[in-house]
Amino acid sequence: MTDGQSLLAVFVVLYLIECLRLVPSTCWMGAGSGSSGWGVLRPWTRLHISGGSPLLLSPLPPMQAHSLALPWLFVPEADSLHVRLTDTLSVQISWDQIVPRTEDCTLHLDASTHLRLPSKTLAQLWQQRLTEWRGMSPDQRSSAFLKHARTTLDSSAVKNATAAARTTHALRTLATLHFMWCFGFMSAVYHRFGDSLAILAAAGVLLLLQFIQAWLFLRSTRKVASLIPHRRWRALGIAFLPQLSMRAFDVVDLASTDEPPHPLAWHGLLDEKVWLQHAQQFWRAARYVPGWTQSAPLPLEAQALQKHFRHLGVSEADYDPPSAGTLPTCPRCRSEYQKGMSTCSDCSGVELKQPAS
C-alpha cells in the first residue's frame with residue numbers, strides 16, 4: 001500500500017468515526033432533506049456505552065439533515081416509575097427508591113439504573129421533573145405525564161425538522177461536493193498521476209472547499225452560537241480537517257437543548273405507510289402491556305397515544321388492525337396459537353384475542 005492509499009484509508013476511518021454518535025438506546029433519528037419522505041435511523045442497541053448506544057448517521061451523499069426523537073422514557077404508575085432502557089427492556093422502580101442525579105448527559109435514578117439522554121440540559125430537566133413527580137399524588141403524576149405527552153406529540157416537530165434542513169442546505173451541498181472530491185476525484189487523480197503536481201493541485205482545491213465550509217458554518221450558527229461549545233475552535237477544525245468539514249452540518253442539525261419530540265410527532269414527515277407501521281408498533285407496546293386482559297383499563301401511555309390518533313383523525317382499524325387469522329392471536333406480538341390457549345407465553349401473560357366468528 002502506497003503512502004497515498006494509506007492516507008486515503010485513514011481519511012475513510014476518520015470520516016466514519018465522525019459519522020458516529022452516542023445516543024440514548026431508544027433514540028429515533030430522522031434523516032431527510034425535504035418536507036416529507038424522511039427515513040429513520042436506529043442505534044446499535046446490542047452495544048451499550050455509558051447508558052447509550054452508537055448510531056451511524058447517513059454517511060453517503062447526497063448528505064441528509066438529521067433530527068432526533070425519543071419515545072417516552074419515563075411513565076409514572078401508582079407505586080412505581082416505568083423506565084424504558086431499550087426498545088425491549090424496561091424496569092419498574094419504586095418511588096421511594098428514586099434519587100435522581102445527573103453526571104454530564106447520564107441520568108442516574110437509583111443505585112443500579114442509569115440511562116443516557118441527548119444533552120446535559122435534558123438530563124437536568126428530567127432530574128428536576130422526576131423529583132417533582134416523586135412528591136405528587138398518583139392523579140397528579142398522571143396529569144403531569146399527559147401534559148408532557150401532548151407537548152412531545154405536537155406537530156411543530158415537523159416544522160423544526162424541515163427548518164433545520166433548510167438552514168443546513170448550503171452546508172450539506174458543499175459537503176456532498178467535498179465528499180465526491182476527496183474520495184472520488186482525488187483518488188482517481190492519484191491513481192492516474194501518483195505523487196505529482198496534479199494531486200497537489202487537487203489537495204489545494206480540497207483545502208479551499210474546507211475554508212468555504214468553515215465560513216458557512218460560522219455564518220449558519222450565529223443565532224445558535226451558545227448551543228455549540230467551542231464554536232470558533234470547531235470552525236478552525238472544519239477549515240483544516242476533511243472529516244470535520246464533511247460533517248459540519250450535523251453539528252448545526254443536532255445543536256439543540258429542547259426536549260426531543262416523540263417519533264409519532266413526525267406525522268407528515270415520514271411516508272404515511274411507514275408512520276402507520278410505527279404507530280401500530282407503539283400502540284401495541286403501550287396498550288397490551290404484560291399481563292393485559294380484555295377487562296384491563298387503558299394504560300396511561302395508551303391514553304396519550306389514543307388522544308393523539310383521534311386528533312389526527314386516524315381510525316382505530318389503522319393503528320390497531322384486527323387479526324385476519326382464524327386462530328387465537330396475541331395482540332402484542334401478533335403470534336398465533338392453537339385453539340384452547342388463552343395467554344401468550346412470550347409476552348408475560350398477555351391474553352389472546354379470539355378470532356372473529
# chains A, B, ... in the order shown; residues from 1 in each chain; ligands from 1

call {"tool": "residues_around", "arguments": {"residues": "Ile17 of chain A", "least_positions_apart": "2", "cutoff": "12 Å", "atoms": "only C-alpha atoms", "output": "list in words"}}
result
Val10, Phe11, Val12, Val13, Leu14, Tyr15, Cys19, Leu20, Arg21, Leu22, Pro54, Leu55, Leu56, Leu57, Pro59, Gln243, Leu244 and Arg247 of chain A

call {"tool": "closest_atom_pairs", "arguments": {"of": "segment 254-336 of chain A", "to": "segment 80-94 of chain A", "cutoff": "12 Å", "atoms": "only C-alpha atoms", "output": "Markdown table"}}
result
| residue | atom | partner | partner_atom | distance |
| --- | --- | --- | --- | --- |
| A:Gln281 | CA | A:Asp87 | CA | 10.6 |
| A:Phe282 | CA | A:Asp87 | CA | 10.1 |
| A:Ala285 | CA | A:Asp87 | CA | 9.5 |
| A:Ala286 | CA | A:His82 | CA | 11.5 |
| A:Val289 | CA | A:Ser90 | CA | 11.4 |
| A:Pro290 | CA | A:Ser90 | CA | 11.4 |
| A:Pro299 | CA | A:His82 | CA | 11.7 |
| A:Leu300 | CA | A:His82 | CA | 11.0 |
| A:Glu301 | CA | A:His82 | CA | 10.5 |
| A:Cys333 | CA | A:Thr88 | CA | 11.9 |

call {"tool": "write_last_selection", "arguments": {"atoms": "all heavy atoms", "output": "PDB file, in the first residue's frame"}}
result
ATOM      1  N   GLN A 281     -46.775  -0.201  16.086  1.00  0.00           N
ATOM      2  CA  GLN A 281     -45.745  -0.735  16.980  1.00  0.00           C
ATOM      3  C   GLN A 281     -45.837  -0.078  18.365  1.00  0.00           C
ATOM      4  O   GLN A 281     -45.830  -0.776  19.392  1.00  0.00           O
ATOM      5  CB  GLN A 281     -44.369  -0.481  16.363  1.00  0.00           C
ATOM      6  CG  GLN A 281     -43.190  -0.821  17.244  1.00  0.00           C
ATOM      7  CD  GLN A 281     -41.872  -0.385  16.628  1.00  0.00           C
ATOM      8  OE1 GLN A 281     -41.762  -0.142  15.426  1.00  0.00           O
ATOM      9  NE2 GLN A 281     -40.849  -0.273  17.460  1.00  0.00           N
ATOM     10  N   PHE A 282     -45.935   1.238  18.400  1.00  0.00           N
ATOM     11  CA  PHE A 282     -46.017   1.941  19.679  1.00  0.00           C
ATOM     12  C   PHE A 282     -47.328   1.621  20.398  1.00  0.00           C
ATOM     13  O   PHE A 282     -47.354   1.476  21.622  1.00  0.00           O
ATOM     14  CB  PHE A 282     -45.887   3.454  19.464  1.00  0.00           C
ATOM     15  CG  PHE A 282     -44.477   3.939  19.347  1.00  0.00           C
ATOM     16  CD1 PHE A 282     -43.968   4.353  18.129  1.00  0.00           C
ATOM     17  CD2 PHE A 282     -43.652   3.964  20.462  1.00  0.00           C
ATOM     18  CE1 PHE A 282     -42.668   4.792  18.017  1.00  0.00           C
ATOM     19  CE2 PHE A 282     -42.330   4.410  20.356  1.00  0.00           C
ATOM     20  CZ  PHE A 282     -41.841   4.821  19.134  1.00  0.00           C
ATOM     21  N   ALA A 285     -47.248  -1.859  22.069  1.00  0.00           N
ATOM     22  CA  ALA A 285     -46.395  -1.876  23.257  1.00  0.00           C
ATOM     23  C   ALA A 285     -47.041  -1.145  24.428  1.00  0.00           C
ATOM     24  O   ALA A 285     -46.858  -1.531  25.589  1.00  0.00           O
ATOM     25  CB  ALA A 285     -45.043  -1.254  22.935  1.00  0.00           C
ATOM     26  N   ALA A 286     -47.798  -0.074  24.134  1.00  0.00           N
ATOM     27  CA  ALA A 286     -48.412   0.722  25.196  1.00  0.00           C
ATOM     28  C   ALA A 286     -49.736   0.144  25.668  1.00  0.00           C
ATOM     29  O   ALA A 286     -50.060   0.197  26.858  1.00  0.00           O
ATOM     30  CB  ALA A 286     -48.620   2.158  24.715  1.00  0.00           C
ATOM     31  N   VAL A 289     -49.870  -4.325  27.564  1.00  0.00           N
ATOM     32  CA  VAL A 289     -48.740  -4.479  28.480  1.00  0.00           C
ATOM     33  C   VAL A 289     -48.746  -5.904  29.048  1.00  0.00           C
ATOM     34  O   VAL A 289     -49.772  -6.606  28.993  1.00  0.00           O
ATOM     35  CB  VAL A 289     -48.837  -3.456  29.624  1.00  0.00           C
ATOM     36  CG1 VAL A 289     -48.702  -2.039  29.077  1.00  0.00           C
ATOM     37  CG2 VAL A 289     -50.159  -3.598  30.381  1.00  0.00           C
ATOM     38  N   PRO A 290     -47.605  -6.377  29.572  1.00  0.00           N
ATOM     39  CA  PRO A 290     -47.579  -7.729  30.162  1.00  0.00           C
ATOM     40  C   PRO A 290     -48.695  -7.917  31.196  1.00  0.00           C
ATOM     41  O   PRO A 290     -48.924  -7.072  32.054  1.00  0.00           O
ATOM     42  CB  PRO A 290     -46.191  -7.782  30.809  1.00  0.00           C
ATOM     43  CG  PRO A 290     -45.357  -6.875  29.959  1.00  0.00           C
ATOM     44  CD  PRO A 290     -46.266  -5.751  29.563  1.00  0.00           C
ATOM     45  N   PRO A 299     -53.977   1.752  29.754  1.00  0.00           N
ATOM     46  CA  PRO A 299     -52.787   2.299  30.432  1.00  0.00           C
ATOM     47  C   PRO A 299     -52.563   3.765  30.078  1.00  0.00           C
ATOM     48  O   PRO A 299     -53.047   4.267  29.061  1.00  0.00           O
ATOM     49  CB  PRO A 299     -51.653   1.412  29.907  1.00  0.00           C
ATOM     50  CG  PRO A 299     -52.315   0.160  29.445  1.00  0.00           C
ATOM     51  CD  PRO A 299     -53.650   0.586  28.928  1.00  0.00           C
ATOM     52  N   LEU A 300     -51.815   4.435  30.925  1.00  0.00           N
ATOM     53  CA  LEU A 300     -51.617   5.878  30.776  1.00  0.00           C
ATOM     54  C   LEU A 300     -50.961   6.229  29.442  1.00  0.00           C
ATOM     55  O   LEU A 300     -51.382   7.169  28.749  1.00  0.00           O
ATOM     56  CB  LEU A 300     -50.754   6.383  31.943  1.00  0.00           C
ATOM     57  CG  LEU A 300     -50.564   7.895  32.055  1.00  0.00           C
ATOM     58  CD1 LEU A 300     -51.895   8.591  32.257  1.00  0.00           C
ATOM     59  CD2 LEU A 300     -49.617   8.229  33.215  1.00  0.00           C
ATOM     60  N   GLU A 301     -49.943   5.487  29.055  1.00  0.00           N
ATOM     61  CA  GLU A 301     -49.252   5.757  27.788  1.00  0.00           C
ATOM     62  C   GLU A 301     -50.192   5.557  26.607  1.00  0.00           C
ATOM     63  O   GLU A 301     -50.173   6.333  25.638  1.00  0.00           O
ATOM     64  CB  GLU A 301     -48.034   4.840  27.665  1.00  0.00           C
ATOM     65  CG  GLU A 301     -47.080   5.205  26.553  1.00  0.00           C
ATOM     66  CD  GLU A 301     -45.800   4.395  26.597  1.00  0.00           C
ATOM     67  OE1 GLU A 301     -45.635   3.582  27.530  1.00  0.00           O
ATOM     68  OE2 GLU A 301     -44.961   4.581  25.690  1.00  0.00           O
ATOM     69  N   CYS A 333     -47.579  -9.230  20.191  1.00  0.00           N
ATOM     70  CA  CYS A 333     -46.540  -9.694  19.268  1.00  0.00           C
ATOM     71  C   CYS A 333     -47.107 -10.274  17.973  1.00  0.00           C
ATOM     72  O   CYS A 333     -46.341 -10.634  17.075  1.00  0.00           O
ATOM     73  CB  CYS A 333     -45.640 -10.714  19.948  1.00  0.00           C
ATOM     74  SG  CYS A 333     -46.452 -12.277  20.368  1.00  0.00           S
TER      75      CYS A 333
END

call {"tool": "residues_around", "arguments": {"residues": "Gly349 of chain A", "least_positions_apart": "3", "cutoff": "7 Å", "atoms": "only C-alpha atoms", "output": "compact mmCIF listing (two decimals) with C-alpha atoms, in the first residue's frame"}}
result
# COMPACT_ATOMS: atom_id res chain seq x y z
CA PRO A 290 -47.58 -7.73 30.16
CA GLY A 291 -50.50 -9.33 31.96
CA THR A 343 -52.35 -16.31 27.10
CA CYS A 344 -49.14 -15.52 25.20
CA SER A 345 -46.09 -17.22 26.65

call {"tool": "residues_around", "arguments": {"residues": "segment 110-121 of chain A", "least_positions_apart": "5", "cutoff": "6 Å", "atoms": "only C-alpha atoms", "output": "ChimeraX atom specification"}}
result
/A:24,51-52,98-99,104-105

call {"tool": "closest_residue", "arguments": {"among": "A:Arg232, A:Arg287, A:Arg129, A:Lys273", "to": "Ala302 of chain A", "atoms": "only C-alpha atoms"}}
result
A:Arg287

call {"tool": "closest_residue", "arguments": {"among": "A:Ala356, A:Val40, A:Ala165, A:Pro71", "to": "Leu153 of chain A", "atoms": "only C-alpha atoms"}}
result
A:Pro71

call {"tool": "closest_residue", "arguments": {"among": "A:Arg192, A:His262, A:His311, A:Arg134", "to": "Met29 of chain A", "atoms": "only C-alpha atoms"}}
result
A:His262

call {"tool": "closest_residue", "arguments": {"among": "A:Gly194, A:Arg166, A:Ser156, A:Phe183", "to": "Thr2 of chain A", "atoms": "only C-alpha atoms"}}
result
A:Gly194

call {"tool": "select_by_dssp", "arguments": {"residues": "segment 86-246 of chain A", "states": "alpha helix (DSSP H)", "output": "PyMOL selection string"}}
result
chain A and resi 120-134+138-152+156-167+169-180+186-193+197-220+231-240+242-246

call {"tool": "decode", "arguments": {"residues": "segment 12-25 of chain A", "atoms": "all heavy atoms", "output": "mmCIF file, in the first residue's frame"}}
result
data_model
loop_
_atom_site.group_PDB
_atom_site.id
_atom_site.type_symbol
_atom_site.label_atom_id
_atom_site.label_comp_id
_atom_site.auth_asym_id
_atom_site.auth_seq_id
_atom_site.Cartn_x
_atom_site.Cartn_y
_atom_site.Cartn_z
ATOM 1 N N VAL A 12 -10.905 7.725 5.414
ATOM 2 C CA VAL A 12 -12.163 6.976 5.455
ATOM 3 C C VAL A 12 -12.521 6.600 6.891
ATOM 4 O O VAL A 12 -13.667 6.773 7.332
ATOM 5 C CB VAL A 12 -12.072 5.712 4.577
ATOM 6 C CG1 VAL A 12 -13.289 4.824 4.800
ATOM 7 C CG2 VAL A 12 -11.977 6.103 3.101
ATOM 8 N N VAL A 13 -11.536 6.113 7.639
ATOM 9 C CA VAL A 13 -11.786 5.727 9.030
ATOM 10 C C VAL A 13 -12.181 6.944 9.862
ATOM 11 O O VAL A 13 -13.153 6.893 10.639
ATOM 12 C CB VAL A 13 -10.544 5.033 9.626
ATOM 13 C CG1 VAL A 13 -10.735 4.815 11.129
ATOM 14 C CG2 VAL A 13 -10.287 3.707 8.933
ATOM 15 N N LEU A 14 -11.470 8.042 9.707
ATOM 16 C CA LEU A 14 -11.785 9.247 10.463
ATOM 17 C C LEU A 14 -13.166 9.783 10.099
ATOM 18 O O LEU A 14 -13.906 10.285 10.965
ATOM 19 C CB LEU A 14 -10.718 10.318 10.218
ATOM 20 C CG LEU A 14 -9.323 10.025 10.787
ATOM 21 C CD1 LEU A 14 -8.352 11.116 10.373
ATOM 22 C CD2 LEU A 14 -9.377 9.915 12.308
ATOM 23 N N TYR A 15 -13.523 9.671 8.826
ATOM 24 C CA TYR A 15 -14.841 10.140 8.388
ATOM 25 C C TYR A 15 -15.950 9.310 9.021
ATOM 26 O O TYR A 15 -16.957 9.846 9.505
ATOM 27 C CB TYR A 15 -14.929 10.086 6.866
ATOM 28 C CG TYR A 15 -16.302 10.427 6.335
ATOM 29 C CD1 TYR A 15 -16.742 11.744 6.318
ATOM 30 C CD2 TYR A 15 -17.162 9.439 5.862
ATOM 31 C CE1 TYR A 15 -18.011 12.064 5.850
ATOM 32 C CE2 TYR A 15 -18.421 9.753 5.393
ATOM 33 C CZ TYR A 15 -18.834 11.072 5.388
ATOM 34 O OH TYR A 15 -20.094 11.382 4.927
ATOM 35 N N LEU A 16 -15.792 7.984 9.033
ATOM 36 C CA LEU A 16 -16.809 7.118 9.624
ATOM 37 C C LEU A 16 -16.924 7.352 11.129
ATOM 38 O O LEU A 16 -18.024 7.310 11.694
ATOM 39 C CB LEU A 16 -16.493 5.654 9.333
ATOM 40 C CG LEU A 16 -16.649 5.224 7.872
ATOM 41 C CD1 LEU A 16 -16.211 3.784 7.684
ATOM 42 C CD2 LEU A 16 -18.097 5.406 7.407
ATOM 43 N N ILE A 17 -15.801 7.604 11.789
ATOM 44 C CA ILE A 17 -15.850 7.921 13.214
ATOM 45 C C ILE A 17 -16.637 9.203 13.445
ATOM 46 O O ILE A 17 -17.424 9.314 14.398
ATOM 47 C CB ILE A 17 -14.422 8.040 13.783
ATOM 48 C CG1 ILE A 17 -13.745 6.667 13.794
ATOM 49 C CG2 ILE A 17 -14.437 8.643 15.183
ATOM 50 C CD1 ILE A 17 -12.288 6.709 14.215
ATOM 51 N N GLU A 18 -16.457 10.177 12.570
ATOM 52 C CA GLU A 18 -17.182 11.442 12.698
ATOM 53 C C GLU A 18 -18.670 11.253 12.451
ATOM 54 O O GLU A 18 -19.487 12.060 12.930
ATOM 55 C CB GLU A 18 -16.605 12.471 11.711
ATOM 56 C CG GLU A 18 -17.078 13.890 11.923
ATOM 57 C CD GLU A 18 -16.707 14.465 13.276
ATOM 58 O OE1 GLU A 18 -15.692 14.009 13.852
ATOM 59 O OE2 GLU A 18 -17.426 15.360 13.749
ATOM 60 N N CYS A 19 -19.058 10.208 11.713
ATOM 61 C CA CYS A 19 -20.475 9.926 11.471
ATOM 62 C C CYS A 19 -21.137 9.228 12.655
ATOM 63 O O CYS A 19 -22.368 9.107 12.682
ATOM 64 C CB CYS A 19 -20.644 9.034 10.227
ATOM 65 S SG CYS A 19 -20.224 9.845 8.677
ATOM 66 N N LEU A 20 -20.356 8.743 13.604
ATOM 67 C CA LEU A 20 -20.901 8.029 14.756
ATOM 68 C C LEU A 20 -21.340 9.006 15.834
ATOM 69 O O LEU A 20 -20.681 10.018 16.087
ATOM 70 C CB LEU A 20 -19.864 7.065 15.336
ATOM 71 C CG LEU A 20 -19.621 5.754 14.583
ATOM 72 C CD1 LEU A 20 -18.446 5.009 15.207
ATOM 73 C CD2 LEU A 20 -20.874 4.886 14.598
ATOM 74 N N ARG A 21 -22.445 8.694 16.479
ATOM 75 C CA ARG A 21 -22.930 9.469 17.616
ATOM 76 C C ARG A 21 -23.331 8.502 18.724
ATOM 77 O O ARG A 21 -23.914 7.450 18.453
ATOM 78 C CB ARG A 21 -24.133 10.331 17.234
ATOM 79 C CG ARG A 21 -23.843 11.471 16.282
ATOM 80 C CD ARG A 21 -23.000 12.553 16.961
ATOM 81 N NE ARG A 21 -22.833 13.712 16.102
ATOM 82 C CZ ARG A 21 -21.919 13.832 15.156
ATOM 83 N NH1 ARG A 21 -21.094 12.813 14.921
ATOM 84 N NH2 ARG A 21 -21.821 14.925 14.427
ATOM 85 N N LEU A 22 -23.036 8.863 19.963
ATOM 86 C CA LEU A 22 -23.502 8.086 21.110
ATOM 87 C C LEU A 22 -24.822 8.690 21.562
ATOM 88 O O LEU A 22 -24.869 9.837 22.000
ATOM 89 C CB LEU A 22 -22.469 8.121 22.238
ATOM 90 C CG LEU A 22 -22.776 7.232 23.451
ATOM 91 C CD1 LEU A 22 -22.850 5.768 23.040
ATOM 92 C CD2 LEU A 22 -21.721 7.425 24.531
ATOM 93 N N VAL A 23 -25.896 7.936 21.427
ATOM 94 C CA VAL A 23 -27.242 8.440 21.675
ATOM 95 C C VAL A 23 -27.965 7.501 22.644
ATOM 96 O O VAL A 23 -27.504 6.390 22.903
ATOM 97 C CB VAL A 23 -28.047 8.535 20.355
ATOM 98 C CG1 VAL A 23 -27.388 9.503 19.387
ATOM 99 C CG2 VAL A 23 -28.197 7.149 19.710
ATOM 100 N N PRO A 24 -29.104 7.938 23.200
ATOM 101 C CA PRO A 24 -29.902 7.011 24.009
ATOM 102 C C PRO A 24 -30.267 5.768 23.203
ATOM 103 O O PRO A 24 -30.526 5.844 22.000
ATOM 104 C CB PRO A 24 -31.148 7.842 24.353
ATOM 105 C CG PRO A 24 -30.687 9.261 24.286
ATOM 106 C CD PRO A 24 -29.665 9.304 23.192
ATOM 107 N N SER A 25 -30.307 4.626 23.858
ATOM 108 C CA SER A 25 -30.575 3.369 23.159
ATOM 109 C C SER A 25 -31.960 3.328 22.535
ATOM 110 O O SER A 25 -32.212 2.529 21.627
ATOM 111 C CB SER A 25 -30.392 2.184 24.120
ATOM 112 O OG SER A 25 -29.074 2.144 24.612
#
